[in-house]
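Colleague: Provided below: coords39.txt, containing compact mmCIF, C-alpha atoms and all ligand atoms.
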```
# COMPACT_ATOMS: atom_id res chain seq x y z
CA MET A 34 7.71 8.32 -9.88
CA GLU A 35 11.14 7.56 -11.21
CA LEU A 36 12.22 4.17 -12.55
CA LEU A 37 15.75 3.64 -11.27
CA LYS A 38 16.48 0.07 -12.31
CA LYS A 39 14.81 -2.78 -14.13
CA SER A 40 16.62 -6.00 -14.98
CA GLU A 41 17.00 -6.63 -18.70
CA SER A 42 15.49 -10.11 -18.49
CA GLY A 43 12.27 -8.62 -17.13
CA LYS A 44 12.68 -10.68 -13.95
CA GLY A 45 14.87 -10.35 -10.94
CA VAL A 46 14.73 -6.79 -9.77
CA SER A 47 13.12 -3.46 -10.43
CA HIS A 48 13.57 -0.28 -8.42
CA VAL A 49 11.30 2.71 -8.62
CA LYS A 50 11.32 5.77 -6.42
CA ILE A 51 8.61 8.15 -5.31
CA SER A 52 10.55 11.39 -5.47
CA ASN A 53 9.51 12.69 -2.05
CA PRO A 54 7.16 10.45 -0.06
CA GLU A 55 6.83 13.07 2.71
CA SER A 56 5.27 15.62 0.37
CA PHE A 57 3.54 13.13 -1.95
CA LYS A 58 0.23 14.29 -3.42
CA GLY A 59 -2.30 12.38 -5.49
CA LYS A 60 -2.50 8.68 -6.21
CA GLU A 61 0.21 6.56 -7.79
CA PHE A 62 -0.02 2.83 -8.58
CA ILE A 63 3.28 0.98 -8.59
CA LYS A 64 2.63 -2.51 -10.05
CA ASP A 65 3.19 -1.65 -13.71
CA ALA A 66 6.41 0.23 -12.96
CA THR A 67 7.93 -2.60 -10.90
CA GLY A 68 6.34 -5.54 -12.69
CA ALA A 69 5.06 -6.90 -9.38
CA THR A 70 3.10 -10.15 -9.71
CA SER A 71 1.80 -10.70 -6.17
CA CYS A 72 0.33 -7.41 -5.09
CA GLU A 73 -0.52 -3.86 -6.13
CA ILE A 74 0.99 -1.06 -4.08
CA SER A 75 -0.20 2.49 -4.28
CA PHE A 76 0.79 5.75 -2.66
CA GLY A 77 -2.12 8.05 -1.85
CA SER A 78 -2.76 11.35 -0.16
CA LEU A 79 -5.69 13.24 1.32
CA GLU A 80 -5.62 16.98 1.94
CA PRO A 81 -6.80 18.40 5.30
CA GLY A 82 -10.57 17.99 5.48
CA GLU A 83 -10.66 15.74 2.42
CA ALA A 84 -12.29 12.31 2.42
CA VAL A 85 -12.11 9.55 -0.15
CA PRO A 86 -15.27 10.49 -2.10
CA PHE A 87 -16.74 6.98 -2.09
CA PHE A 88 -16.89 3.73 -0.16
CA HIS A 89 -15.64 0.66 -1.96
CA SER A 90 -15.05 -3.03 -1.52
CA HIS A 91 -13.17 -5.53 -3.66
CA LYS A 92 -14.05 -8.72 -5.53
CA GLN A 93 -11.08 -10.77 -4.26
CA ASN A 94 -8.33 -8.54 -2.87
CA GLU A 95 -7.79 -7.51 0.73
CA GLU A 96 -6.05 -4.20 1.37
CA ASN A 97 -3.48 -3.15 3.92
CA TYR A 98 -3.20 0.60 4.50
CA ILE A 99 -0.10 2.03 6.15
CA ILE A 100 -0.40 5.63 7.33
CA LEU A 101 2.87 7.54 6.91
CA LYS A 102 1.86 11.11 7.67
CA GLY A 103 -1.22 13.02 8.83
CA SER A 104 -4.15 11.65 10.78
CA GLY A 105 -7.86 11.11 10.42
CA ASP A 106 -10.64 8.57 10.56
CA PHE A 107 -11.02 5.21 8.88
CA GLN A 108 -14.42 3.60 8.37
CA ALA A 109 -14.80 -0.13 7.73
CA ASP A 110 -18.46 -1.07 7.26
CA ASN A 111 -20.05 0.85 10.17
CA GLU A 112 -16.98 0.92 12.41
CA VAL A 113 -15.04 4.20 12.62
CA PHE A 114 -11.63 4.58 14.28
CA SER A 115 -8.78 7.08 14.38
CA ILE A 116 -5.67 6.59 12.28
CA SER A 117 -2.27 8.28 12.49
CA PRO A 118 1.33 7.68 11.39
CA GLY A 119 2.23 4.07 12.08
CA SER A 120 -1.37 2.83 11.77
CA ILE A 121 -1.65 -0.34 9.70
CA ILE A 122 -5.19 -1.29 8.72
CA ARG A 123 -6.08 -4.61 7.08
CA VAL A 124 -9.46 -4.65 5.34
CA SER A 125 -11.06 -7.82 3.98
CA ALA A 126 -12.21 -7.81 0.37
CA GLU A 127 -15.94 -7.51 1.06
CA CYS A 128 -15.64 -4.85 3.76
CA LYS A 129 -16.79 -1.39 2.64
CA ARG A 130 -14.10 1.19 3.41
CA SER A 131 -13.31 4.87 3.22
CA MET A 132 -11.19 7.36 5.15
CA ARG A 133 -10.76 11.04 5.76
CA CYS A 134 -7.99 13.39 6.78
CA THR A 135 -8.73 15.48 9.87
CA SER A 136 -5.21 16.79 10.54
CA ASP A 137 -3.81 20.15 9.49
CA GLU A 138 -1.25 18.39 7.33
CA THR A 139 -1.76 16.22 4.27
CA MET A 140 -2.29 12.53 5.01
CA VAL A 141 0.08 10.25 3.07
CA TYR A 142 -0.47 6.51 3.01
CA ILE A 143 0.52 3.32 1.23
CA CYS A 144 -2.07 0.73 0.24
CA ILE A 145 -1.01 -2.84 -0.50
CA GLN A 146 -3.63 -4.91 -2.30
CA ALA A 147 -3.32 -8.69 -2.65
CA LYS A 148 -5.63 -11.65 -3.18
CA GLU A 149 -7.28 -12.61 0.08
CA ASN A 150 -6.00 -15.91 1.56
CA SER A 151 -3.27 -16.18 -1.12
CA LEU A 152 -0.33 -16.03 1.31
CA GLU A 153 0.73 -19.63 1.84
CA GLN A 154 4.19 -19.25 3.35
CA TYR A 155 6.29 -16.33 4.47
CA THR A 156 9.35 -15.26 6.45
CA MET A 157 11.50 -18.31 7.32
CA GLU A 158 9.06 -20.81 5.80
CA ASP A 159 9.61 -19.20 2.41
CA GLY A 160 13.06 -17.65 2.81
CA ILE A 161 16.19 -19.51 1.77
CA ILE A 162 19.62 -18.47 3.01
CA THR A 163 21.89 -18.53 -0.05
CA GLU A 164 25.61 -18.39 -0.66
CA HIS A 165 26.39 -15.15 -2.45
CA THR A 166 29.18 -12.61 -2.40
CA ALA A 167 28.34 -9.03 -1.56
CA ALA A 168 29.15 -6.65 -4.43
CA TRP A 169 29.06 -3.38 -2.49
ZN ZN B 201 -9.39 -0.61 -2.85
```
Let me see the file written as structure tokens.

Modeller:
Amino acid sequence: MELLKKSESGKGVSHVKISNPESFKGKEFIKDATGATSCEISFGSLEPGEAVPFFHSHKQNEENYIILKGSGDFQADNEVFSISPGSIIRVSAECKRSMRCTSDETMVYICIQAKENSLEQYTMEDGIITEHTAAW
């Protein structure tokens, strides 16, 4: 992962780049690189036939998985369902989850982890249209 930009004040903006998300392999956590304060984002991959080797739950964070490439099965408690590119899976903190890759290609996914029930306002409730001049 490459750090492209971080504001000098430590606030404002940071920009990191996964060099090639399509061929990503392994697990990479992003929060420390960006300085995010509201969520943890990770990139993950599973090879064909590979499963996450454990089930897990969380103490307070829900997770949202976004499948970018590859397909397989997701299990949440005792419920199993198919996942494929475009699948977005929200899992509550206490739910036990795991997944496996059943496709011939590597599965690549993003996981966004944030405190359950912490989102108080969003989109136009939280957004403010501001006067600013484009610099591009
Ligand atoms: Zn987790």

Colleague: Ranking A:Met132, A:Cys144, A:Val46, A:Leu79 by minimum distance to ligand ZN 201 (chain B) and counting all atoms listed in the file, which one comes first?

Modeller: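 Answer, going by the shortest atom-to-atom distance: A:Cys144.
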
Colleague: Taking into account only C-alpha atoms, which residue in the set A:Cys128, A:Met34, A:Ala109, A:Ile116 is nearest to Ala66 in chain A?

Modeller: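 Looking only at the distances to Ala66 in chain A, the closest residue turns out to be A:Met34.
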
Colleague: Please identify the residues whose atoms come within 7 Å of ligand ZN 201 (chain B), using only C-alpha atoms and all ligand atoms, and report them as a list in words.

Modeller: His89, Ser90, His91 and Glu96 of chain A

Colleague: Just the residues within 7 Å of Ile145 in chain A, please, counting all atoms listed in the file, with nothing from its chain fewer than 4 positions along; format it as a VMD selection string.

Modeller: chain A and resid 72 to 75 96 to 98

Colleague: Can you tell me, as an MDAnalysis selection string, what residues are no more than 8 Å from range 149-152 of chain A when counting only C-alpha atoms, ignoring any on the same chain fewer than 6 positions away?

Modeller: chainID A and resid 93:95 125:126

Colleague: Between CA of Glu138 in chain A and CA of Ser115 in chain A, what distance in Å does the model show, to one decimal?

Modeller: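 Here the two named atoms are 15.3 Å from each other.
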
Colleague: Report the distance between CA of Gly103 in chain A and CA of Asn53 in chain A in Å, rounded to one decimal place.

Modeller: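 CA of Asn53 in chain A lies at a distance of 15.3 Å from CA of Gly103 in chain A.
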
Colleague: Could you check how far CA of Gly105 in chain A sits from CA of Arg123 in chain A, in Å to one decimal?

Modeller: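 Interatomic distance, CA of Gly105 in chain A to CA of Arg123 in chain A: 16.2 Å.
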
Colleague: I want to know what sits within 7 Å of Ser131 in chain A, based on only C-alpha atoms, with residues of the same chain fewer than 3 positions away left out; could you give that as JSON, numbers by chain?

Modeller: {"A": [85, 87, 88, 107, 108, 109]}

Colleague: Could you write out that same residue set with C-alpha atoms as a CSV table (one decimal), keeping the file's coordinate frame?

Modeller:
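Generated output (part25.csv):
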```csv
chain,number,residue,atom,x,y,z
A,85,VAL,CA,-12.1,9.6,-0.2
A,87,PHE,CA,-16.7,7.0,-2.1
A,88,PHE,CA,-16.9,3.7,-0.2
A,107,PHE,CA,-11.0,5.2,8.9
A,108,GLN,CA,-14.4,3.6,8.4
A,109,ALA,CA,-14.8,-0.1,7.7
```

Colleague: I'd like the contact shell of Gly45 in chain A - 12 Å cut-off, all atoms listed in the file, skipping same-chain residues fewer than 3 positions apart - returned as a short mmCIF file (atom, residue, chain, number, x, y, z; two decimals) with C-alpha atoms, in the coordinates of the input.

Modeller:
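Here's the written file out_7.cif:
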```
data_model
loop_
_atom_site.label_atom_id
_atom_site.label_comp_id
_atom_site.auth_asym_id
_atom_site.auth_seq_id
_atom_site.Cartn_x
_atom_site.Cartn_y
_atom_site.Cartn_z
CA LYS A 38 16.48 0.07 -12.31
CA LYS A 39 14.81 -2.78 -14.13
CA SER A 40 16.62 -6.00 -14.98
CA GLU A 41 17.00 -6.63 -18.70
CA SER A 42 15.49 -10.11 -18.49
CA HIS A 48 13.57 -0.28 -8.42
CA THR A 67 7.93 -2.60 -10.90
CA GLY A 68 6.34 -5.54 -12.69
CA ALA A 69 5.06 -6.90 -9.38
CA THR A 70 3.10 -10.15 -9.71
#
```

Colleague: Using all atoms listed in the file, find the one residue out of A:Val124, A:Pro118, A:Asn111, A:His165 that sits nearest to Gln146 in chain A.

Modeller: A:Val124

Colleague: Hey, could you pull the box centre and edge lengths for range 89-108 of chain A, axis-aligned, 8 Å padding per side, all listed atoms, to one decimal in Å, as AutoDock Vina command-line options?

Modeller:
```
--center_x -6.4 --center_y 1.1 --center_z 2.6 --size_x 34.5 --size_y 39.8 --size_z 32.3
```

Colleague: What lies within 7 Å of Lys50 in chain A using all atoms listed in the file, ignoring chain neighbours under 3 positions off, as a PDB file with C-alpha atoms, in the frame of the given file?

Modeller:
```pdb
ATOM      1  CA  MET A  34       7.710   8.320  -9.880  1.00  0.00           C
ATOM      2  CA  GLU A  35      11.140   7.560 -11.210  1.00  0.00           C
ATOM      3  CA  LEU A  36      12.220   4.170 -12.550  1.00  0.00           C
ATOM      4  CA  LEU A  37      15.750   3.640 -11.270  1.00  0.00           C
TER       5      LEU A  37
END
```

Colleague: Rank A:Cys134, A:Ile100, A:Ile51, A:Asp106 by their smallest atom-to-atom distance to Gly119 in chain A, using only C-alpha atoms, and report the top residue only.

Modeller: A:Ile100
